[in-house]
Amino acid sequence: MMRAVLSIWILSAVVCVGRGHHHEGHIEVEDQAGQDTALDSSADSISLVSSANKEFAYHLYRKLAAHADSQRKNIFFSPVSVSVALAALSVGARAETHRQIFSGLGFTNSLLTQTVVDQAFRTLLERANNTSKEDTSEGTAVFVDNSFKPKPEFLDVLKKSYFADGFEVDFTKTTDSANTINKYVEEKTNGKIDKLVEDLDPSTVMYLISYIYFKGKWQTPFDPKDTKEDTFTVDENTKVPVQMMNMEEDVDSYYDQAINTSVLHLPFNSTYSMLLLLPDDMATLENAICPNHITKWLKWMKSRTYEVYLPKFSIKTSYSLKDVLTEMGMTDMFGDQADLSGISEGQKMTVSEVVHQATLDVDEAGATAAAATGIGITLMSLRIVPVLKFDRPFMVLITECNTENILFMGKIINPNI
């Protein structure tokens, strides 16, 4: 029997304001044990999923950092985008493949059945799209070949829990179907990602795309007149010119003595903010950072006047996540042992690749970032003012302050690449 191949594409791009789609109504589906269980929307379940998502963000970051160290590259990605993509994939996974995906995502609590996870993501996506519609948008889309018949319950969960738009295409017409997908992605990313699919396998039977977009304007913007050329120290042997933004303002900051890191909190005109982390030693920060740090920083930050210097930059990153996710325990989905029979019966499927691309723009007005995830299934002065100057490698996190959820995180090694 011919095996099907599942390709996961995880994209992030700079975009303007986008809007997600909202679907009303609750559903009941069978969990992995076959129990007919009503979707659990309890605060405990959402808290468990949110906590797991936060831990997953740092776990994935460390794996990416370990792979990037030898190349001294910037890191930037959306853990939310990856989590949504893999959670949506888990809807169709069974047996050990399902267990590995759940374990890799941190969904190890016995209360977190597939049904509960699906409903939690539904609630989290609703919150993200309703809390601040002008700043964020999240959702998914599924493109299905007209000759492929996925299980109706699989599509139903994607639509109702992951807000999937549905499209039927003819994947044997590779150019036309690729153009259809690319047009959708281009629209959702406001033209920033125009070629998600370049070489489409004619045996593709399904593509699942998950997206998240963010655009924030600084609560206190930088004045462009104060932006000047300056020097950024990449390492002891490399210095590069940058356009350095500057302002003297009251800002919230914290110095974490335990990890020798200065933390700057720059809020947007919303419930979102950027945390900029300037460590004395990057490795110490990377090895120690965890969700509790954000909680501590936000709680103990104090406002005082600083001279803030921050590079104006645009960066792009690209990763193959197959090896990283395999190291995180998600092995079977990439090989002959893959069990994705919850998507469709009668065809053996496996995940061929996971790719993540990301971009981030930071300027005087604010920051813009986004992510989209696609799953392709193929057959087979005199007064002294302290200074915070980000003129050497630093970490960046874009978070929602109330929930402390991490939309994006990364490390800026060189703002020019």
# chains A, B, ... in the order shown; residues from 1 in each chain; ligands from 1
call {"tool": "closest_atom_pairs", "arguments": {"of": "region 54-160 of chain A", "to": "region 291-301 of chain A", "cutoff": "12 Å", "atoms": "only C-alpha atoms", "output": "tab-separated table"}}
result
residue	atom	partner	partner_atom	distance
A:Lys54	CA	A:Pro291	CA	6.3
A:Glu55	CA	A:Pro291	CA	6.8
A:Phe56	CA	A:Pro291	CA	10.1
A:Ala57	CA	A:Pro291	CA	9.1
A:Tyr58	CA	A:Pro291	CA	8.1
A:His59	CA	A:Pro291	CA	10.9
call {"tool": "residues_around", "arguments": {"residues": "Ser161 (chain A)", "least_positions_apart": "2", "cutoff": "9 Å", "atoms": "only C-alpha atoms", "output": "list of chain:residue names"}}
result
A:His23, A:His26, A:Ile27, A:Ala88, A:Asp118, A:Gln119, A:Ala120, A:Phe121, A:Arg122, A:Thr123, A:Leu125, A:Asp156, A:Val157, A:Leu158, A:Lys159, A:Phe163, A:Ala164
call {"tool": "closest_residue", "arguments": {"among": "A:Glu236, A:Glu153, A:Glu249, A:Glu364", "to": "Val91 (chain A)", "atoms": "only C-alpha atoms"}}
result
A:Glu153
call {"tool": "closest_residue", "arguments": {"among": "A:Arg94, A:Lys63, A:Lys73, A:Lys228", "to": "Ser344 (chain A)", "atoms": "only C-alpha atoms"}}
result
A:Arg94
call {"tool": "closest_residue", "arguments": {"among": "A:Ser45, A:Ala288, A:Thr227, A:Val82", "to": "Gln114 (chain A)", "atoms": "only C-alpha atoms"}}
result
A:Ser45
call {"tool": "atom_distance", "arguments": {"atom1": "CA of Gln357 (chain A)", "atom2": "CA of Phe77 (chain A)"}}
result
7.3 Å
call {"tool": "select_by_dssp", "arguments": {"residues": "region 109-206 of chain A", "states": "strand (DSSP E or B)", "output": "short mmCIF file (atom, residue, chain, number, x, y, z; two decimals) with N, CA and C atoms, in the first residue's frame"}}
result
data_model
loop_
_atom_site.label_atom_id
_atom_site.label_comp_id
_atom_site.auth_asym_id
_atom_site.auth_seq_id
_atom_site.Cartn_x
_atom_site.Cartn_y
_atom_site.Cartn_z
N THR A 136 -3.92 41.32 17.12
CA THR A 136 -3.61 39.93 16.87
C THR A 136 -4.71 39.24 16.09
N SER A 137 -4.33 38.21 15.41
CA SER A 137 -5.28 37.35 14.71
C SER A 137 -4.69 35.96 14.61
N GLU A 138 -5.48 34.96 14.96
CA GLU A 138 -5.01 33.58 14.91
C GLU A 138 -6.09 32.70 14.30
N GLY A 139 -5.68 31.65 13.62
CA GLY A 139 -6.62 30.71 13.05
C GLY A 139 -5.92 29.67 12.21
N THR A 140 -6.71 28.83 11.53
CA THR A 140 -6.15 27.79 10.68
C THR A 140 -6.96 27.68 9.40
N ALA A 141 -6.41 26.97 8.43
CA ALA A 141 -7.13 26.65 7.20
C ALA A 141 -6.69 25.27 6.74
N VAL A 142 -7.58 24.54 6.10
CA VAL A 142 -7.25 23.22 5.59
C VAL A 142 -7.64 23.14 4.11
N PHE A 143 -6.68 22.71 3.30
CA PHE A 143 -6.88 22.52 1.86
C PHE A 143 -6.88 21.02 1.59
N VAL A 144 -7.97 20.50 1.03
CA VAL A 144 -8.13 19.06 0.84
C VAL A 144 -8.28 18.75 -0.64
N ASP A 145 -7.56 17.73 -1.10
CA ASP A 145 -7.68 17.32 -2.49
C ASP A 145 -9.07 16.76 -2.75
N ALA A 164 -10.76 26.41 11.52
CA ALA A 164 -10.19 26.16 10.20
C ALA A 164 -11.15 26.58 9.09
N ASP A 165 -10.66 27.41 8.17
CA ASP A 165 -11.35 27.62 6.91
C ASP A 165 -11.10 26.40 6.04
N GLY A 166 -12.10 25.96 5.28
CA GLY A 166 -11.95 24.76 4.46
C GLY A 166 -12.02 25.05 2.97
N PHE A 167 -11.11 24.43 2.21
CA PHE A 167 -11.06 24.61 0.76
C PHE A 167 -10.82 23.27 0.09
N GLU A 168 -11.46 23.06 -1.05
CA GLU A 168 -11.22 21.87 -1.86
C GLU A 168 -10.41 22.26 -3.09
N VAL A 169 -9.34 21.53 -3.35
CA VAL A 169 -8.47 21.82 -4.48
C VAL A 169 -8.12 20.54 -5.21
N THR A 204 0.17 15.39 -3.12
CA THR A 204 -0.37 16.04 -1.92
C THR A 204 -1.87 15.82 -1.85
N VAL A 205 -2.36 15.51 -0.67
CA VAL A 205 -3.80 15.35 -0.49
C VAL A 205 -4.38 16.32 0.53
N MET A 206 -3.52 16.94 1.34
CA MET A 206 -4.05 17.90 2.32
C MET A 206 -2.96 18.87 2.75
#
call {"tool": "atom_distance", "arguments": {"atom1": "CA of Thr238 (chain A)", "atom2": "CA of Ile412 (chain A)"}}
result
14.2 Å
call {"tool": "residues_around", "arguments": {"residues": "Ile75 (chain A)", "least_positions_apart": "5", "cutoff": "12 Å", "atoms": "only C-alpha atoms", "output": "ChimeraX atom specification"}}
result
/A:60-69,286,315-319,356-360,393-397,408-415,417
call {"tool": "write_last_selection", "arguments": {"atoms": "C-alpha atoms", "output": "PDB file, in the first residue's frame"}}
result
ATOM      1  CA  LEU A  60      11.834  24.515  21.819  1.00  0.00           C
ATOM      2  CA  TYR A  61      13.919  27.676  22.225  1.00  0.00           C
ATOM      3  CA  ARG A  62      16.766  25.751  23.851  1.00  0.00           C
ATOM      4  CA  LYS A  63      16.732  23.177  21.067  1.00  0.00           C
ATOM      5  CA  LEU A  64      16.831  25.912  18.430  1.00  0.00           C
ATOM      6  CA  ALA A  65      19.599  27.713  20.311  1.00  0.00           C
ATOM      7  CA  ALA A  66      21.672  24.538  20.505  1.00  0.00           C
ATOM      8  CA  HIS A  67      21.338  24.036  16.750  1.00  0.00           C
ATOM      9  CA  ALA A  68      22.009  27.704  15.980  1.00  0.00           C
ATOM     10  CA  ASP A  69      25.039  28.244  18.228  1.00  0.00           C
ATOM     11  CA  GLU A 286      19.326  30.716  28.076  1.00  0.00           C
ATOM     12  CA  ILE A 315      15.281  40.002  10.734  1.00  0.00           C
ATOM     13  CA  LYS A 316      14.292  36.758   9.039  1.00  0.00           C
ATOM     14  CA  THR A 317      14.830  33.237  10.283  1.00  0.00           C
ATOM     15  CA  SER A 318      14.269  29.808   8.790  1.00  0.00           C
ATOM     16  CA  TYR A 319      14.462  26.383  10.393  1.00  0.00           C
ATOM     17  CA  HIS A 356       9.557  27.269  10.411  1.00  0.00           C
ATOM     18  CA  GLN A 357      10.185  30.706   8.965  1.00  0.00           C
ATOM     19  CA  ALA A 358       9.901  33.973  10.860  1.00  0.00           C
ATOM     20  CA  THR A 359      10.402  37.690  10.520  1.00  0.00           C
ATOM     21  CA  LEU A 360      10.325  40.543  13.022  1.00  0.00           C
ATOM     22  CA  PRO A 393      23.191  40.158  21.768  1.00  0.00           C
ATOM     23  CA  PHE A 394      19.884  40.187  23.625  1.00  0.00           C
ATOM     24  CA  MET A 395      16.708  38.130  23.929  1.00  0.00           C
ATOM     25  CA  VAL A 396      13.234  39.333  22.998  1.00  0.00           C
ATOM     26  CA  LEU A 397       9.799  38.064  24.008  1.00  0.00           C
ATOM     27  CA  PHE A 408       7.027  35.132  19.958  1.00  0.00           C
ATOM     28  CA  MET A 409      10.497  34.727  21.369  1.00  0.00           C
ATOM     29  CA  GLY A 410      14.017  34.884  20.086  1.00  0.00           C
ATOM     30  CA  LYS A 411      17.597  36.028  20.370  1.00  0.00           C
ATOM     31  CA  ILE A 412      19.086  38.876  18.363  1.00  0.00           C
ATOM     32  CA  ILE A 413      22.719  38.093  17.643  1.00  0.00           C
ATOM     33  CA  ASN A 414      23.082  40.437  14.644  1.00  0.00           C
ATOM     34  CA  PRO A 415      20.313  42.929  13.793  1.00  0.00           C
ATOM     35  CA  ILE A 417      20.878  39.597   9.160  1.00  0.00           C
TER      36      ILE A 417
END
call {"tool": "residues_around", "arguments": {"residues": "Ala93 (chain A)", "least_positions_apart": "6", "cutoff": "7 Å", "atoms": "only C-alpha atoms", "output": "PyMOL selection string"}}
result
chain A and resi 339-342
call {"tool": "closest_residue", "arguments": {"among": "A:Pro279, A:Pro152, A:Pro311, A:Pro386", "to": "Asp250 (chain A)", "atoms": "only C-alpha atoms"}}
result
A:Pro386
call {"tool": "atom_distance", "arguments": {"atom1": "CA of Thr350 (chain A)", "atom2": "CA of Pro79 (chain A)"}}
result
22.5 Å
call {"tool": "closest_residue", "arguments": {"among": "A:Thr403, A:Thr180, A:Ser320, A:Gln243", "to": "Ser50 (chain A)", "atoms": "only C-alpha atoms"}}
result
A:Thr403
call {"tool": "residues_around", "arguments": {"residues": "Met245 (chain A)", "least_positions_apart": "4", "cutoff": "9 Å", "atoms": "only C-alpha atoms", "output": "PyMOL selection string"}}
result
chain A and resi 222-229+308-312+363-364
